[in-house]
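Q: Provided below: start22.cif, containing mmCIF, C-alpha atoms.
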```cif
data_run
loop_
_atom_site.label_atom_id
_atom_site.label_comp_id
_atom_site.auth_asym_id
_atom_site.auth_seq_id
_atom_site.Cartn_x
_atom_site.Cartn_y
_atom_site.Cartn_z
CA MET A 134 8.27 1.01 9.03
CA ARG A 135 9.07 4.66 8.40
CA ASP A 136 7.45 4.99 4.97
CA ALA A 137 4.66 2.46 5.53
CA GLU A 138 1.98 4.83 4.25
CA THR A 139 3.63 5.17 0.85
CA VAL A 140 2.07 1.84 -0.11
CA THR A 141 -0.52 2.14 -2.89
CA PHE A 142 -3.89 3.52 -1.65
CA GLY A 143 -2.26 5.04 1.43
CA GLY A 144 -0.93 8.39 2.55
CA SER A 145 -3.04 11.00 0.74
CA ASP A 146 -4.50 12.57 3.94
CA LEU A 147 -7.97 12.90 2.44
CA ASP A 148 -10.30 14.93 4.66
CA ARG A 149 -13.31 12.63 4.84
CA ALA A 150 -15.32 15.33 6.65
CA ALA A 151 -17.41 12.84 8.62
CA HIS A 152 -19.13 15.68 10.47
CA LEU A 153 -21.00 16.56 7.26
CA ARG A 154 -22.43 13.10 6.57
CA SER A 155 -25.49 13.55 8.79
CA ASP A 156 -26.33 17.01 7.42
CA VAL A 157 -28.70 16.22 4.56
CA SER A 158 -29.23 19.83 3.48
CA ALA A 159 -25.51 20.61 3.53
CA LEU A 160 -24.75 17.55 1.39
CA ALA A 161 -27.47 18.55 -1.08
CA GLU A 162 -25.87 21.99 -1.44
CA LEU A 163 -22.39 20.53 -1.76
CA ARG A 164 -23.53 18.17 -4.50
CA GLN A 165 -24.55 21.20 -6.61
CA ASP A 166 -21.41 23.16 -5.72
CA PRO A 167 -19.67 24.24 -8.98
CA SER A 168 -16.31 23.82 -7.28
CA GLY A 169 -17.05 20.20 -6.42
CA THR A 170 -15.89 17.20 -8.41
CA HIS A 171 -17.60 13.92 -9.18
CA ILE A 172 -15.98 10.58 -9.97
CA VAL A 173 -17.77 7.60 -11.51
CA LEU A 174 -17.43 3.84 -11.17
CA TRP A 175 -18.76 1.22 -13.60
CA GLN A 176 -18.39 -2.53 -13.03
CA GLY A 177 -15.76 -1.77 -10.39
CA LYS A 178 -13.77 0.35 -12.83
CA PRO A 179 -13.05 4.03 -12.17
CA LEU A 180 -13.35 6.58 -14.95
CA VAL A 181 -9.85 7.75 -15.93
CA LYS A 182 -8.14 9.73 -18.63
CA GLY A 183 -7.55 7.29 -21.45
CA ASP A 184 -4.19 8.44 -22.78
CA GLU A 185 -1.95 7.46 -19.86
CA MET A 186 -4.75 6.40 -17.49
CA ASP A 187 -2.85 8.15 -14.70
CA SER A 188 -5.61 10.31 -13.23
CA LEU A 189 -9.28 10.13 -12.37
CA VAL A 190 -11.73 12.00 -14.53
CA ARG A 191 -13.33 14.63 -12.31
CA LEU A 192 -16.70 15.69 -13.65
CA SER A 193 -18.83 18.72 -12.86
CA HIS A 194 -22.09 18.32 -10.97
CA ASP A 195 -24.15 18.78 -14.15
CA HIS A 196 -22.40 16.23 -16.38
CA PRO A 197 -25.06 14.16 -18.20
CA ILE A 198 -23.61 10.79 -17.18
CA LEU A 199 -24.50 11.51 -13.55
CA ALA A 200 -28.20 11.42 -14.46
CA GLU A 201 -27.73 7.75 -15.44
CA CYS A 202 -26.00 6.84 -12.17
CA GLU A 203 -27.67 5.62 -9.00
CA THR A 204 -29.62 8.39 -7.28
CA ASP A 205 -27.64 8.35 -4.04
CA ALA A 206 -24.25 9.98 -4.53
CA LEU A 207 -21.57 8.91 -2.04
CA PHE A 208 -19.84 11.74 -0.18
CA LEU A 209 -16.13 10.92 -0.20
CA GLY A 210 -14.75 14.04 1.48
CA MET A 211 -13.40 17.55 1.05
CA GLU A 212 -10.42 18.71 -0.95
CA GLU A 213 -8.96 22.20 -1.27
CA ARG A 214 -10.89 22.65 -4.50
CA GLY A 215 -14.18 21.55 -2.95
CA PRO A 216 -16.27 18.46 -2.12
CA VAL A 217 -15.80 15.09 -3.83
CA PHE A 218 -18.70 12.76 -4.60
CA GLY A 219 -18.66 9.25 -6.00
CA HIS A 220 -21.27 7.77 -8.33
CA TRP A 221 -22.19 4.25 -9.41
CA LEU A 222 -23.13 3.74 -13.07
CA LYS A 223 -25.07 0.55 -12.43
CA GLU A 224 -27.36 -0.24 -15.35
CA TYR A 225 -25.21 0.70 -18.35
CA TRP A 226 -23.84 -2.02 -20.64
CA PRO A 227 -21.95 -1.14 -23.86
CA GLU A 228 -23.52 -2.61 -26.97
CA GLY A 229 -21.81 -5.80 -28.10
CA LEU A 230 -19.48 -5.99 -25.09
CA ASP A 231 -18.15 -9.44 -24.19
CA GLY A 232 -17.90 -9.25 -20.42
CA SER A 233 -15.87 -12.43 -19.93
CA GLU A 234 -12.71 -10.50 -19.04
CA LEU A 235 -14.37 -8.08 -16.62
CA GLY A 236 -13.19 -8.54 -13.04
CA GLY A 237 -10.55 -11.10 -13.95
CA PHE A 238 -7.06 -11.28 -12.46
CA VAL A 239 -5.81 -9.49 -15.56
CA ASP A 240 -8.35 -7.18 -17.20
CA THR A 241 -6.74 -4.80 -19.69
CA THR A 242 -10.01 -3.89 -21.40
CA GLN A 243 -11.35 -0.35 -21.45
CA GLN A 244 -14.93 0.80 -21.87
CA SER A 245 -16.51 4.15 -22.63
CA HIS A 246 -19.95 5.79 -22.55
CA PRO A 247 -21.81 7.94 -25.11
CA THR A 248 -21.67 11.02 -22.88
CA LEU A 249 -17.87 10.86 -22.45
CA ARG A 250 -14.99 12.16 -24.53
CA SER A 251 -12.89 9.69 -26.49
CA ASP A 252 -10.02 10.04 -24.01
CA GLN A 253 -12.18 9.10 -21.01
CA VAL A 254 -12.50 5.39 -20.25
CA PHE A 255 -13.38 2.96 -17.48
CA ALA A 256 -10.29 0.88 -16.59
CA GLU A 257 -9.59 -1.89 -14.08
CA LEU A 258 -8.19 -0.30 -10.91
CA ARG A 259 -5.70 -3.10 -10.25
CA MET A 260 -4.13 -2.50 -13.65
CA ILE A 261 -3.65 1.25 -13.21
CA MET A 262 -3.32 1.74 -9.44
CA THR A 263 0.40 2.54 -9.52
CA ARG A 264 -0.12 5.25 -12.16
CA LEU A 265 -2.53 7.27 -10.04
CA THR A 266 -1.56 9.92 -7.53
CA ALA A 267 -1.96 8.98 -3.87
CA ARG A 268 -5.13 11.07 -3.66
CA ASP A 269 -6.73 9.64 -6.79
CA ALA A 270 -5.80 6.11 -5.71
CA GLU A 271 -7.42 6.61 -2.29
CA LEU A 272 -10.57 8.09 -3.80
CA ALA A 273 -10.87 5.29 -6.35
CA ALA A 274 -10.33 2.58 -3.75
CA THR A 275 -12.79 4.18 -1.34
CA LEU A 276 -15.48 4.49 -3.98
CA ARG A 277 -14.98 0.92 -5.18
CA ALA A 278 -15.18 -0.48 -1.65
CA MET A 279 -18.28 1.58 -0.84
CA VAL A 280 -20.09 0.64 -4.03
CA GLU A 281 -19.30 -3.03 -3.49
CA TRP A 282 -20.67 -2.83 0.06
CA HIS A 283 -23.91 -1.21 -1.08
CA ARG A 284 -24.24 -3.75 -3.90
CA ARG A 285 -24.02 -6.66 -1.47
CA HIS A 286 -25.94 -5.21 1.47
CA GLY A 287 -29.21 -3.88 0.11
CA PHE A 288 -31.20 -5.80 2.71
CA CYS A 289 -31.08 -5.73 6.48
CA ALA A 290 -28.97 -8.50 7.98
CA CYS A 291 -31.20 -8.53 11.07
CA CYS A 292 -34.70 -8.86 9.61
CA GLY A 293 -34.29 -9.14 5.84
CA ALA A 294 -36.19 -5.98 4.94
CA GLN A 295 -34.79 -3.60 2.31
CA SER A 296 -32.46 -1.01 3.82
CA GLU A 297 -31.91 2.60 2.79
CA ILE A 298 -28.75 4.63 2.25
CA GLY A 299 -27.94 7.39 4.74
CA GLN A 300 -25.06 9.42 6.12
CA GLY A 301 -23.84 10.40 2.65
CA GLY A 302 -23.50 6.72 1.77
CA TRP A 303 -21.68 5.67 4.94
CA GLN A 304 -24.67 3.92 6.53
CA ARG A 305 -27.67 1.78 5.64
CA SER A 306 -30.75 1.93 7.85
CA CYS A 307 -33.67 -0.45 8.19
CA ASP A 308 -37.07 1.16 8.76
CA ALA A 309 -38.60 -2.18 9.69
CA CYS A 310 -36.43 -3.07 12.71
CA LYS A 311 -34.52 0.20 13.14
CA SER A 312 -31.13 -1.50 12.70
CA GLN A 313 -28.19 0.45 11.35
CA HIS A 314 -25.46 -1.04 9.21
CA PHE A 315 -22.04 0.36 8.37
CA PRO A 316 -19.44 -0.39 5.66
CA ARG A 317 -17.64 -3.65 6.20
CA THR A 318 -13.88 -4.11 6.10
CA ASP A 319 -12.40 -7.59 6.49
CA PRO A 320 -8.96 -7.78 8.18
CA VAL A 321 -6.39 -9.88 6.34
CA VAL A 322 -2.84 -10.71 7.39
CA ILE A 323 -0.12 -10.92 4.75
CA MET A 324 3.23 -12.24 5.86
CA LEU A 325 6.87 -11.79 4.90
CA ILE A 326 8.13 -15.07 6.40
CA THR A 327 11.90 -15.46 6.28
CA HIS A 328 14.39 -18.16 7.18
CA GLY A 329 17.95 -16.91 6.95
CA ASN A 330 18.42 -15.47 3.45
CA SER A 331 15.19 -16.93 2.06
CA VAL A 332 11.56 -15.84 1.94
CA LEU A 333 8.47 -18.05 1.74
CA LEU A 334 6.30 -17.43 -1.33
CA GLY A 335 3.21 -19.21 -2.56
CA ARG A 336 0.79 -19.18 -5.47
CA SER A 337 -2.93 -19.77 -5.86
CA PRO A 338 -4.60 -21.63 -8.72
CA GLY A 339 -5.46 -19.39 -11.65
CA TRP A 340 -2.61 -16.96 -11.18
CA PRO A 341 -0.42 -16.11 -14.19
CA GLU A 342 2.25 -18.72 -14.77
CA GLY A 343 5.29 -18.21 -12.55
CA MET A 344 3.71 -15.60 -10.28
CA TYR A 345 4.33 -16.06 -6.55
CA SER A 346 3.45 -13.81 -3.65
CA LEU A 347 3.50 -13.63 0.13
CA LEU A 348 1.13 -15.89 2.02
CA ALA A 349 -2.05 -14.23 3.29
CA GLY A 350 -5.31 -15.10 5.01
CA PHE A 351 -8.35 -13.72 6.80
CA VAL A 352 -8.30 -13.04 10.53
CA GLU A 353 -10.76 -15.19 12.46
CA PRO A 354 -13.09 -14.04 15.28
CA GLY A 355 -11.38 -13.95 18.67
CA GLU A 356 -7.92 -13.98 17.11
CA THR A 357 -5.07 -11.48 17.32
CA LEU A 358 -3.31 -10.42 14.15
CA GLU A 359 -0.09 -12.10 15.29
CA ALA A 360 -1.91 -15.35 16.00
CA ALA A 361 -3.51 -15.18 12.56
CA VAL A 362 -0.06 -14.91 10.97
CA ARG A 363 1.17 -18.04 12.73
CA ARG A 364 -2.03 -20.00 12.06
CA GLU A 365 -2.25 -19.16 8.36
CA VAL A 366 1.38 -20.04 7.66
CA MET A 367 1.02 -23.33 9.51
CA GLU A 368 -2.26 -24.19 7.76
CA GLU A 369 -1.08 -23.32 4.26
CA ALA A 370 2.56 -24.39 4.31
CA GLY A 371 3.15 -26.35 7.53
CA ILE A 372 5.77 -23.84 8.68
CA LYS A 373 6.00 -22.90 12.37
CA VAL A 374 6.51 -19.16 12.92
CA GLY A 375 8.05 -17.54 15.99
CA ARG A 376 8.54 -13.79 16.35
CA VAL A 377 6.00 -11.63 14.46
CA GLU A 378 6.22 -7.85 13.87
CA TYR A 379 3.77 -5.45 12.22
CA LEU A 380 5.07 -3.54 9.18
CA ALA A 381 2.39 -1.73 7.18
CA SER A 382 -1.22 -1.86 5.98
CA GLN A 383 -3.08 -1.38 2.71
CA PRO A 384 -6.79 -0.98 2.02
CA TRP A 385 -7.63 -3.51 -0.68
CA ALA A 386 -11.06 -2.87 -2.17
CA PHE A 387 -11.34 -6.20 -4.01
CA PRO A 388 -13.87 -6.36 -2.55
CA ALA A 389 -13.43 -5.13 1.05
CA SER A 390 -10.20 -6.06 2.81
CA LEU A 391 -7.63 -4.29 4.93
CA MET A 392 -4.28 -5.98 4.31
CA THR A 393 -2.09 -5.88 7.42
CA GLY A 394 1.53 -6.67 6.62
CA PHE A 395 3.81 -8.51 9.03
CA ARG A 396 7.28 -9.98 9.10
CA GLY A 397 7.76 -13.35 10.76
CA GLU A 398 10.68 -15.61 11.59
CA ALA A 399 10.25 -19.22 10.52
CA LEU A 400 11.26 -21.78 13.14
CA THR A 401 11.03 -24.66 10.67
CA LYS A 402 11.72 -24.87 6.95
CA GLU A 403 10.11 -28.08 5.68
CA ILE A 404 7.05 -27.19 3.62
CA LYS A 405 3.92 -29.30 4.08
CA LEU A 406 1.59 -27.85 1.49
CA ASP A 407 -2.18 -27.76 1.89
CA PRO A 408 -3.37 -28.12 -1.72
CA ALA A 409 -6.79 -26.78 -0.77
CA GLU A 410 -5.13 -23.47 0.13
CA LEU A 411 -2.18 -23.15 -2.26
CA GLU A 412 -1.07 -24.59 -5.55
CA ASP A 413 2.59 -24.32 -4.53
CA ALA A 414 4.89 -22.80 -1.91
CA VAL A 415 8.65 -22.35 -2.25
CA TRP A 416 11.55 -20.83 -0.33
CA PHE A 417 13.26 -18.31 -2.63
CA THR A 418 16.59 -16.70 -1.84
CA ARG A 419 17.06 -12.94 -1.74
CA GLU A 420 19.11 -13.17 -4.94
CA GLU A 421 16.35 -15.07 -6.75
CA VAL A 422 13.71 -12.54 -5.74
CA ALA A 423 15.97 -9.67 -6.79
CA LYS A 424 16.38 -11.25 -10.24
CA ALA A 425 12.61 -11.67 -10.54
CA PHE A 426 12.05 -7.98 -9.80
CA VAL A 427 14.23 -6.97 -12.73
CA GLY A 428 12.85 -9.65 -15.04
CA GLN A 429 15.96 -11.84 -15.06
CA HIS A 430 14.70 -14.92 -13.22
CA PRO A 431 13.89 -17.79 -15.64
CA THR A 432 10.63 -18.81 -13.97
CA LEU A 433 9.73 -16.60 -11.01
CA LYS A 434 7.49 -13.57 -11.54
CA PRO A 435 6.97 -11.09 -8.69
CA ALA A 436 3.70 -10.19 -7.01
CA ARG A 437 1.37 -7.69 -8.65
CA LYS A 438 2.87 -4.22 -8.88
CA GLY A 439 1.20 -1.92 -6.38
CA ALA A 440 0.13 -4.69 -4.01
CA ILE A 441 1.48 -4.64 -0.46
CA ALA A 442 3.21 -7.97 -1.13
CA GLN A 443 5.50 -6.39 -3.68
CA PHE A 444 5.96 -3.35 -1.42
CA LEU A 445 7.14 -5.53 1.48
CA LEU A 446 9.39 -7.65 -0.72
CA GLN A 447 11.04 -4.54 -2.12
CA LYS A 448 11.67 -3.26 1.41
CA TRP A 449 13.13 -6.63 2.37
CA LEU A 450 15.45 -6.63 -0.62
CA SER A 451 16.72 -3.15 0.24
CA ASP A 452 16.94 -3.78 4.02
CA GLN A 453 14.34 -1.10 4.75
CA LEU A 454 11.85 -3.01 6.87
CA ASP A 455 12.60 -0.92 9.99
#
```
Here is a file; write its structure as structure tokens.

A:
Amino acid sequence: MRDAETVTFGGSDLDRAAHLRSDVSALAELRQDPSGTHIVLWQGKPLVKGDEMDSLVRLSHDHPILAECETDALFLGMEERGPVFGHWLKEYWPEGLDGSELGGFVDTTQQSHPTLRSDQVFAELRMIMTRLTARDAELAATLRAMVEWHRRHGFCACCGAQSEIGQGGWQRSCDACKSQHFPRTDPVVIMLITHGNSVLLGRSPGWPEGMYSLLAGFVEPGETLEAAVRREVMEEAGIKVGRVEYLASQPWAFPASLMTGFRGEALTKEIKLDPAELEDAVWFTREEVAKAFVGQHPTLKPARKGAIAQFLLQKWLSDQLD
């Protein structure tokens, strides 16, 4: 697909400057560089400008909130203006906050911090991802994925001892058994399965009423991506798939997936739903999906804006999959 990298979280050409990650002294100097910028994450939410929430807040190296963040800053890369570091505000909890909505499918809440201006807030990335520039979206997604990995992997998977951060945040090392661990990304296939003029869409329990999306699933060990497409569609909907073609990919830091988008031709059409996998699966015509995208379908709501599912469906509707 010609414009595959225009999907949300893709295409910003960030210089990750991996050659600097092992240079401890250079990273220490860069962290104090006045030209550098620092972005902050709290509860998975990036710090953004609160008026339109369309850009990350880039702080200076001496901003007081950084003193409350975890000690190890994560080196995200180099921009023309200078280095970019990411920080995790781990221990802070706003007074009186009801956290029941945090991390939910729809989280429209915003939170602040005493050291921040009134127009600077933490907001759920999935709610604002289409408002951000490609660069800000990539930085936010990278920081979220990295923080989530560190949060879940504080101990060595080989011997159980506590591990330590290294390589500017891109590695964890175990002093006990000398093992090294690196950020994890889980491959997921997401499929635009068509039969004539119709596309197969499904929904999971707990989604907003009427919302349907493309089928998706994790790739298993020893399995090709194409085989995963055919297996997942058969398992979830009982549909046999023939020809499979790769289309595009999207890093999805919720918590650590790489969505790989494919198109597939259905060889059968009768749906045999696995209720353990999906709440429902339906063949929708191109006309029905088009109405849903403009808010004119009586029941169908499209996939989340910014997700690769909506991106692929839009390309299908406009005959731009090639």

Q: Just the number, please: distance in Å from CA of Met262 in chain A to CA of Thr141 in chain A, one decimal.

A: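 Rounded to one decimal, the two atoms are 7.1 Å apart.
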
Q: Would you write out, as JSON lines, a table of all residues in range 139-194 of chain A that have an atom no more than 9 Å from an atom of range 298-315 of chain A, listing for each the closest atom pair and the distance in Å to one decimal, considering all atoms listed in the file and ordering rows by chain and rising residue number?

A:
```
{"residue": "A:Ala151", "atom": "CA", "partner": "A:Gln300", "partner_atom": "CA", "distance": 8.7}
{"residue": "A:Leu153", "atom": "CA", "partner": "A:Gly301", "partner_atom": "CA", "distance": 8.2}
{"residue": "A:Arg154", "atom": "CA", "partner": "A:Gln300", "partner_atom": "CA", "distance": 4.5}
{"residue": "A:Ser155", "atom": "CA", "partner": "A:Gln300", "partner_atom": "CA", "distance": 4.9}
{"residue": "A:Asp156", "atom": "CA", "partner": "A:Gln300", "partner_atom": "CA", "distance": 7.8}
{"residue": "A:Val157", "atom": "CA", "partner": "A:Gly301", "partner_atom": "CA", "distance": 7.8}
{"residue": "A:Leu160", "atom": "CA", "partner": "A:Gly301", "partner_atom": "CA", "distance": 7.3}
```

Q: May I have the selected residues written with C-alpha atoms, as a PDB file, in the frame of the given file?

A:
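After the write, out.pdb holds the following:
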```pdb
ATOM      1  CA  ALA A 151     -17.410  12.840   8.620  1.00  0.00           C
ATOM      2  CA  LEU A 153     -21.000  16.560   7.260  1.00  0.00           C
ATOM      3  CA  ARG A 154     -22.430  13.100   6.570  1.00  0.00           C
ATOM      4  CA  SER A 155     -25.490  13.550   8.790  1.00  0.00           C
ATOM      5  CA  ASP A 156     -26.330  17.010   7.420  1.00  0.00           C
ATOM      6  CA  VAL A 157     -28.700  16.220   4.560  1.00  0.00           C
ATOM      7  CA  LEU A 160     -24.750  17.550   1.390  1.00  0.00           C
TER       8      LEU A 160
END
```

Q: For Ala267 in chain A, find every residue with an atom within 7 Å (counting all atoms listed in the file), except residues of its own chain fewer than 3 positions away, and show them as an MDAnalysis selection string.

A: chainID A and resid 142:145 270:271

Q: Rank nothing, just name the residue among A:Leu272, A:Ala370, A:Leu230, A:Leu235 nearest to Thr170 in chain A, using only C-alpha atoms.

A: A:Leu272

Q: Pick from A:Thr248, A:His152, A:Glu213, A:Glu162: nearest to Pro197 in chain A, with all atoms listed in the file counted?

A: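 So, comparing all the options, the nearest one is A:Thr248.
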
Q: Using the chain letters and numbering of this document, enumerate as JSON, numbers by chain the residues selected by the PyMOL selection byres ((chain A and resi 238) around 10).

A: {"A": [234, 235, 236, 237, 239, 240, 241, 257, 259, 260, 339, 340, 341, 437]}

Q: How about saving the chosen residues, C-alpha atoms kept, as a compact mmCIF listing (two decimals), in the frame of the given file?

A:
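Wrote it out as out26.txt, contents follow:
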```txt
# COMPACT_ATOMS: atom_id res chain seq x y z
CA GLU A 234 -12.71 -10.50 -19.04
CA LEU A 235 -14.37 -8.08 -16.62
CA GLY A 236 -13.19 -8.54 -13.04
CA GLY A 237 -10.55 -11.10 -13.95
CA VAL A 239 -5.81 -9.49 -15.56
CA ASP A 240 -8.35 -7.18 -17.20
CA THR A 241 -6.74 -4.80 -19.69
CA GLU A 257 -9.59 -1.89 -14.08
CA ARG A 259 -5.70 -3.10 -10.25
CA MET A 260 -4.13 -2.50 -13.65
CA GLY A 339 -5.46 -19.39 -11.65
CA TRP A 340 -2.61 -16.96 -11.18
CA PRO A 341 -0.42 -16.11 -14.19
CA ARG A 437 1.37 -7.69 -8.65
```

Q: Could you state which residues are captured by the PyMOL selection byres ((chain A and resi 373-383) around 9) in this file, as a PyMOL selection string?

A: chain A and resi 134+136-138+140-143+326+358-360+362-364+366-367+370-372+384-385+390-402+440-441+445+454-455

Q: For the atom pair CA of Trp221 in chain A and CA of Ser168 in chain A, what is the interatomic distance in Å to one decimal place?

A: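 According to the coordinates, CA of Trp221 in chain A and CA of Ser168 in chain A are separated by 20.5 Å.
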
Q: For CA of Leu347 in chain A and CA of Gln443 in chain A, quote the distance in Å rounded to one decimal.

A: 8.4 Å

Q: Mind listing as a ChimeraX atom specification all residues within 12 Å of (-23.4, -2.0, -18.2), counting all atoms listed in the file?

A: /A:174-178,201-202,221-232,235,244-246,255

Q: Would you kindly translate the PyMOL selection byres ((chain A and resi 413) around 10) into the concrete residues it picks from this file, as a list in words?

A: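 Applying the PyMOL selection byres ((chain A and resi 413) around 10) to the structure shown produces Leu334, Gly335, Arg336, Ser337, Pro338, Tyr345, Glu369, Ala370, Ile404, Leu406, Asp407, Pro408, Glu410, Leu411, Glu412, Ala414 and Val415 of chain A.
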
Q: Select, from A:Val280, A:Met186, A:Ala256, A:Pro247, the residue with the minimum atom-to-atom distance to His220 in chain A, counting all atoms listed in the file.

A: A:Val280

Q: May I ask which of the residues A:Asp319, A:Glu212, A:Asp252, A:Glu297 is the closest one to Ala278 in chain A, counting all atoms listed in the file?

A: A:Asp319

Q: Calculated over all atoms listed in the file, which of the candidates A:Ala436, A:Arg268, A:Val321, A:Ala294 has the smallest distance to Val352 in chain A?

A: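 For Val352 in chain A, the nearest of the candidates is A:Val321.
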
Q: Using only C-alpha atoms, pick whichever of A:Arg419, A:Arg135, A:Arg284, A:His171 has the shortest atom-to-atom distance to Gly329 in chain A.

A: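 Checking each of A:Arg419, A:Arg135, A:Arg284, A:His171 against Gly329 in chain A, counting only C-alpha atoms, the winner is A:Arg419.
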
Q: Env of Ser331 in chain A: 7 Å cut, atoms = all atoms listed in the file, seq-sep filter 3 positions within chain, self excluded. Answer as a list in words.

A: Thr327, His328, Trp416, Phe417, Thr418 and Arg419 of chain A

Q: Leaving out range 447-452 of chain A and any residue of its chain fewer than 5 positions from it, which residues lie within 9 Å of it when counting only C-alpha atoms, given as a list in words?

A: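 Listed by chain and then number, they are Leu325, Arg419, Glu420, Val422, Ala423, Phe426 and Ala442 of chain A.
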